[in-house]
Each structure stands twice: as C-alpha cells, then as structure tokens.
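Undergrad: Got a structure for you, questions after.
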Amino acid sequence: MATMRVAELPGIGEALRIAHREIPVPGPGDVLVQVQACGVCGSDLFLQDGGFLLQRDGTFSAEGFPIVPGHEAAGVVHTLGEGVEDLTVGQQVAIYYIDPRAGTSWSSSGRPQLDPGIQRMGVDVDGAFAEYVVRPARTLIPSPVPMNPASLAVLTDAVATPFHALTTRGHLSAGETLLVLGVGGLGSNAVQIGKLLGARVIAVSRSDRGLDLAMSLGADHVVRSGPDVAREVAALCANGEPEVVIQCAGSPQADELAIQLAGRGGRILLVAVARAAFSALSADLIWRELSVLACCRFTPEEIKTVIQLHVDGKLRTDHLITQLRPLEEANEALADLRSGRVLRTVLVP
Ligand SMILES: [Zn+2]
C-alpha cells in the first residue's frame, strides 16, 4: 500500500504530528493532487486554538480530529477520478479550498464562499499539509503559465482575501485614501492592491519590518501604531479621509481603531478575525454614516484575477515566500507565525 506523509492536528491546542496515511484514491469527479506548496496562515492558528469549533455558548465542539490543516495550496494533478475531463495529469493547479455546492443560490449569485453547506479543505476535511490531497475537480484552478508553486499557493488566500475585501466589498476607487491597519500576511497585500487600484495608501504597523515592507510595496505614508497613531493619521488626512479602512490586525483594539480613524461616510473593512468583541457606539457610526463591512474569504474568479495580475507583474509575492520549510517543520512554522517572527511560511511537502 502506498503511503504519504501528512502533518495532522490531533486535537484543540495540540502540536501537529507527522503521520503516514494511505494515499487516497480519487472518486468520481475528484482529482488526486500532489501538493507542491501550502502556505501557513493565521487561520491555521485559529484552527489549532479551536476557533472554528467555538459554539455560541462558549464551549467547543471537538469533533473531527485528527484533521490535516492546510488551505492555501498549489500542486500538480496526479490522478484523475472518473468523469474528470477538463484537467490533465501533470497540470499545475491552484486549489480553491472551498468546495461550493453547485445549484445553490449562493453559487448562482457569485458568493459561493457564503454557502453554509460548504466544506473547507483544511478546516472541515483534510487539507494540504500533506504530500497528496484529493479535491473535487471543480475546485482546481489551472495556472496560466508554469509558476513558482509557493507563489501560486499564497495567491489563493493571502492575496485573494484582501483583493476580495478591497474590490468586491470595499469598491476602493482611484484617488481615494486607503488606511491599512496591520502589515502582515494580509495587510501587506492590501497595501499593494490599494496602490494597484490607484488609491493613496497609509499603512499602520507596530514593527519596523511592517513599516519597511509597506514602503517597499508602495505605501505613500507609514505610521507606527501607538498612542499617537490617531493624531498622526489625522495629520495625513487634511480633507477628512480615509474613505476606506481595512482592518488586517485581528484584535478588538484594531476593530475600534478602524472605526475611530475612518473618515465621514467611510467604509470599514473587517478582514482579520479577532477572538474578542469590540465595542462601538451607534451614534459614532450614525453621525459619521460609517459602513462596517465584514469580508469573508473570496471567490474562484477572484483567485483567477490575482493569479493573472501576478503573472502580468502587477502583484508581488516575493515577500510572502521567503520562508520555506518541509512538512516536518510545520510546528516551527506555526510558532513563527504566532510570535510574529515571519510574515508567512510556505510548507514544501
Ligand atoms: Zn488562510
């Protein structure tokens, strides 16, 4: 029996462990993908902490373990299941980690990621911290040209998430001022997408690395987060902007700062998930007519768009793929992310 290595999460709060499993056989409509690269994302920490299983009453439902994480992946088509005709063995693909149900109103309205019946690779079913993964053919996106697998992987989430937020949700337009809170795996890409869309970009980060990275990705101004951040941002916004604030820092303080700093009539895009509530005064939202827009995931079309923008040289991934590790170092990758030592690690099984 042919086996493969996976890095599996045995339970909430536990370390990943390497396990050997039988290489799965693709069923009808499915494809066995040989994983070339899989990004390690904040959502993987959220999974490890039990965040996806948190119930409304504050308890955890601890079903479904062990699970193999990994939702930001690229690979090569290895074996086609019965009836799969539009892919070929050896073809490089990005994986849309969501399996959208066909025929639902969510799919037909172009928002498959909101379907409550979706199954998420690396969250609900085993993911790509593995040498192989079986996925429905409809979730695979062929790369238009041969690509660096690590780049292709991070485009499917780290880049696609802020792209969805700034375009589909935020309708950021040329000439508007965009304020980016947090310059990590998501915020760094919000900076470069903001510039691509023609906005003036102000980036806020607590670290020198974040401030330097934002400048290198084209930010017009950078501000260090701290007690003076509101005053410093206001000094850069003489006309009452920013029109759009994107929250990529994942804390209730950042949620509240986003609301505080948005200009009148502004749109606030919540992208990074915080694990605690923020507070807001309705009057503060109403008098300034603020729109607080939550931004959930992305669509396959958005992944195709960011892949093409990267191929065309308009979006960078080099800052996301400096750290490559083998599957055996998945715990180190999670620890690096948790401590903020790295922007992102890409596992190369
Ligand atoms: Zn992710």
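Scheme for the structure tokens: letters A, B, ... for chains in order shown; per-chain residue numbers from 1; ligand numbers from 1 in order shown.
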For the strand (DSSP E) assignment from backbone DSSP, which residues of region 131-262 of chain A qualify? Please present them as number ranges by chain.
TA: A: 132-136, 140-142, 177-181, 200-205, 221-224, 244-247
Undergrad: At a cut-off of 12 Å, using only C-alpha atoms, what residues contact Glu332 (chain A)? Leave out same-chain residues fewer than 2 positions from it and give the result as a count of residues only.
TA: 24
Undergrad: Extract, using only C-alpha atoms, all DNA, RNA and protein residues at most 9 Å from Asp318 (chain A), discarding same-chain residues fewer than 3 positions from it, and format them as an NGL selection string.
TA: :A and (151 or 321-322)
Undergrad: Would you write out, as a tab-separated table, a table of all residues in region 2-110 of chain A that have an atom no more than 10 Å from an atom of region 152-162 of chain A, listing for each the closest atom pair and the distance in Å to one decimal, considering only C-alpha atoms and ordering rows by chain and rising residue number?
TA:
residue	atom	partner	partner_atom	distance
A:Val35	CA	A:Ala153	CA	9.9
A:Gln36	CA	A:Ala153	CA	8.6
A:Ala37	CA	A:Ala153	CA	6.2
A:Cys38	CA	A:Ala153	CA	5.8
A:Gly39	CA	A:Val154	CA	6.0
A:Val40	CA	A:Val154	CA	9.0
A:Cys41	CA	A:Ala158	CA	7.8
A:Gly42	CA	A:Ala158	CA	9.7
A:His71	CA	A:Asp157	CA	8.1
A:Glu72	CA	A:Ala153	CA	5.3
A:Ala73	CA	A:Ala153	CA	4.4
A:Ala74	CA	A:Ala153	CA	4.8
A:Gly75	CA	A:Ala153	CA	8.4
A:Gln92	CA	A:Leu152	CA	9.4
A:Val93	CA	A:Leu152	CA	8.3
A:Ala94	CA	A:Leu152	CA	6.3
A:Ile95	CA	A:Thr156	CA	7.2
A:Tyr96	CA	A:Thr156	CA	6.8
A:Tyr97	CA	A:Thr156	CA	8.5
Undergrad: Using N, CA and C atoms, can you write the selected residues to a file as a compact mmCIF listing (two decimals), in the first residue's frame?
TA:
# COMPACT_ATOMS: atom_id res chain seq x y z
N VAL A 35 0.77 17.75 -3.71
CA VAL A 35 0.93 19.11 -3.19
C VAL A 35 2.36 19.57 -3.41
N GLN A 36 2.51 20.73 -4.03
CA GLN A 36 3.84 21.33 -4.22
C GLN A 36 4.16 22.33 -3.12
N ALA A 37 3.14 23.04 -2.65
CA ALA A 37 3.37 24.09 -1.66
C ALA A 37 2.06 24.39 -0.94
N CYS A 38 2.18 24.70 0.35
CA CYS A 38 0.98 25.09 1.11
C CYS A 38 1.37 26.15 2.14
N GLY A 39 0.75 27.29 2.06
CA GLY A 39 1.04 28.38 2.98
C GLY A 39 0.50 28.09 4.37
N VAL A 40 1.19 28.65 5.36
CA VAL A 40 0.75 28.53 6.75
C VAL A 40 0.19 29.89 7.14
N CYS A 41 -1.09 29.89 7.55
CA CYS A 41 -1.88 31.12 7.62
C CYS A 41 -2.42 31.30 9.03
N GLY A 42 -2.81 32.52 9.36
CA GLY A 42 -3.42 32.78 10.66
C GLY A 42 -4.62 31.89 10.94
N HIS A 71 -4.91 25.08 3.74
CA HIS A 71 -5.98 25.52 2.84
C HIS A 71 -5.47 26.48 1.76
N GLU A 72 -4.16 26.72 1.72
CA GLU A 72 -3.60 27.71 0.79
C GLU A 72 -2.57 26.99 -0.07
N ALA A 73 -3.04 26.27 -1.08
CA ALA A 73 -2.16 25.27 -1.67
C ALA A 73 -2.13 25.30 -3.19
N ALA A 74 -1.00 24.80 -3.70
CA ALA A 74 -0.84 24.58 -5.13
C ALA A 74 -0.19 23.22 -5.33
N GLY A 75 -0.44 22.62 -6.47
CA GLY A 75 0.14 21.31 -6.71
C GLY A 75 0.01 20.92 -8.16
N GLN A 92 -0.34 21.96 -13.56
CA GLN A 92 -0.22 22.67 -12.28
C GLN A 92 -1.54 23.39 -11.95
N VAL A 93 -1.95 23.27 -10.71
CA VAL A 93 -3.22 23.87 -10.30
C VAL A 93 -3.08 24.59 -8.96
N ALA A 94 -3.87 25.65 -8.81
CA ALA A 94 -4.12 26.24 -7.50
C ALA A 94 -5.40 25.60 -6.97
N ILE A 95 -5.51 25.52 -5.67
CA ILE A 95 -6.70 24.89 -5.08
C ILE A 95 -7.57 25.96 -4.42
N TYR A 96 -8.83 26.04 -4.85
CA TYR A 96 -9.83 26.84 -4.13
C TYR A 96 -10.30 25.98 -2.97
N TYR A 97 -9.95 26.38 -1.74
CA TYR A 97 -10.11 25.46 -0.61
C TYR A 97 -11.56 25.20 -0.23
Undergrad: Mind checking which residues fall within 9 Å of Ala294 (chain A), counting only C-alpha atoms, ignoring those fewer than 6 positions away in the same chain, and posting them as a VMD selection string?
TA: chain A and resid 165 169 268 to 271
Undergrad: In terms of the shortest atom-to-atom distance over only C-alpha atoms, which of A:Ile307, A:Val204, A:Ala137, A:Ala214 is closest to Val77 (chain A)?
TA: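 Among A:Ile307, A:Val204, A:Ala137, A:Ala214, it is A:Ala137 that comes nearest to Val77 (chain A).
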Undergrad: Can you list, as a ChimeraX atom specification, all residues belonging to region 86-334 of chain A that DSSP tags as alpha helix (DSSP H)?
TA: /A:105-108,149-154,160-163,187-196,208-216,229-236,252-261,282-287,300-311,330-334
Undergrad: Using only C-alpha atoms and all ligand atoms, can you tell me which of A:Ala150, A:Gly266, A:Cys296, A:Glu232 comes closest to ligand 1?
TA: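 Of all the options, A:Cys296 lies closest to ligand 1.
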Undergrad: I'd like the contact shell of Ala258 (chain A) - 7 Å cut-off, only C-alpha atoms, skipping same-chain residues fewer than 2 positions apart - returned as a VMD selection string.
TA: chain A and resid 245 247 254 to 256 260 to 262 268
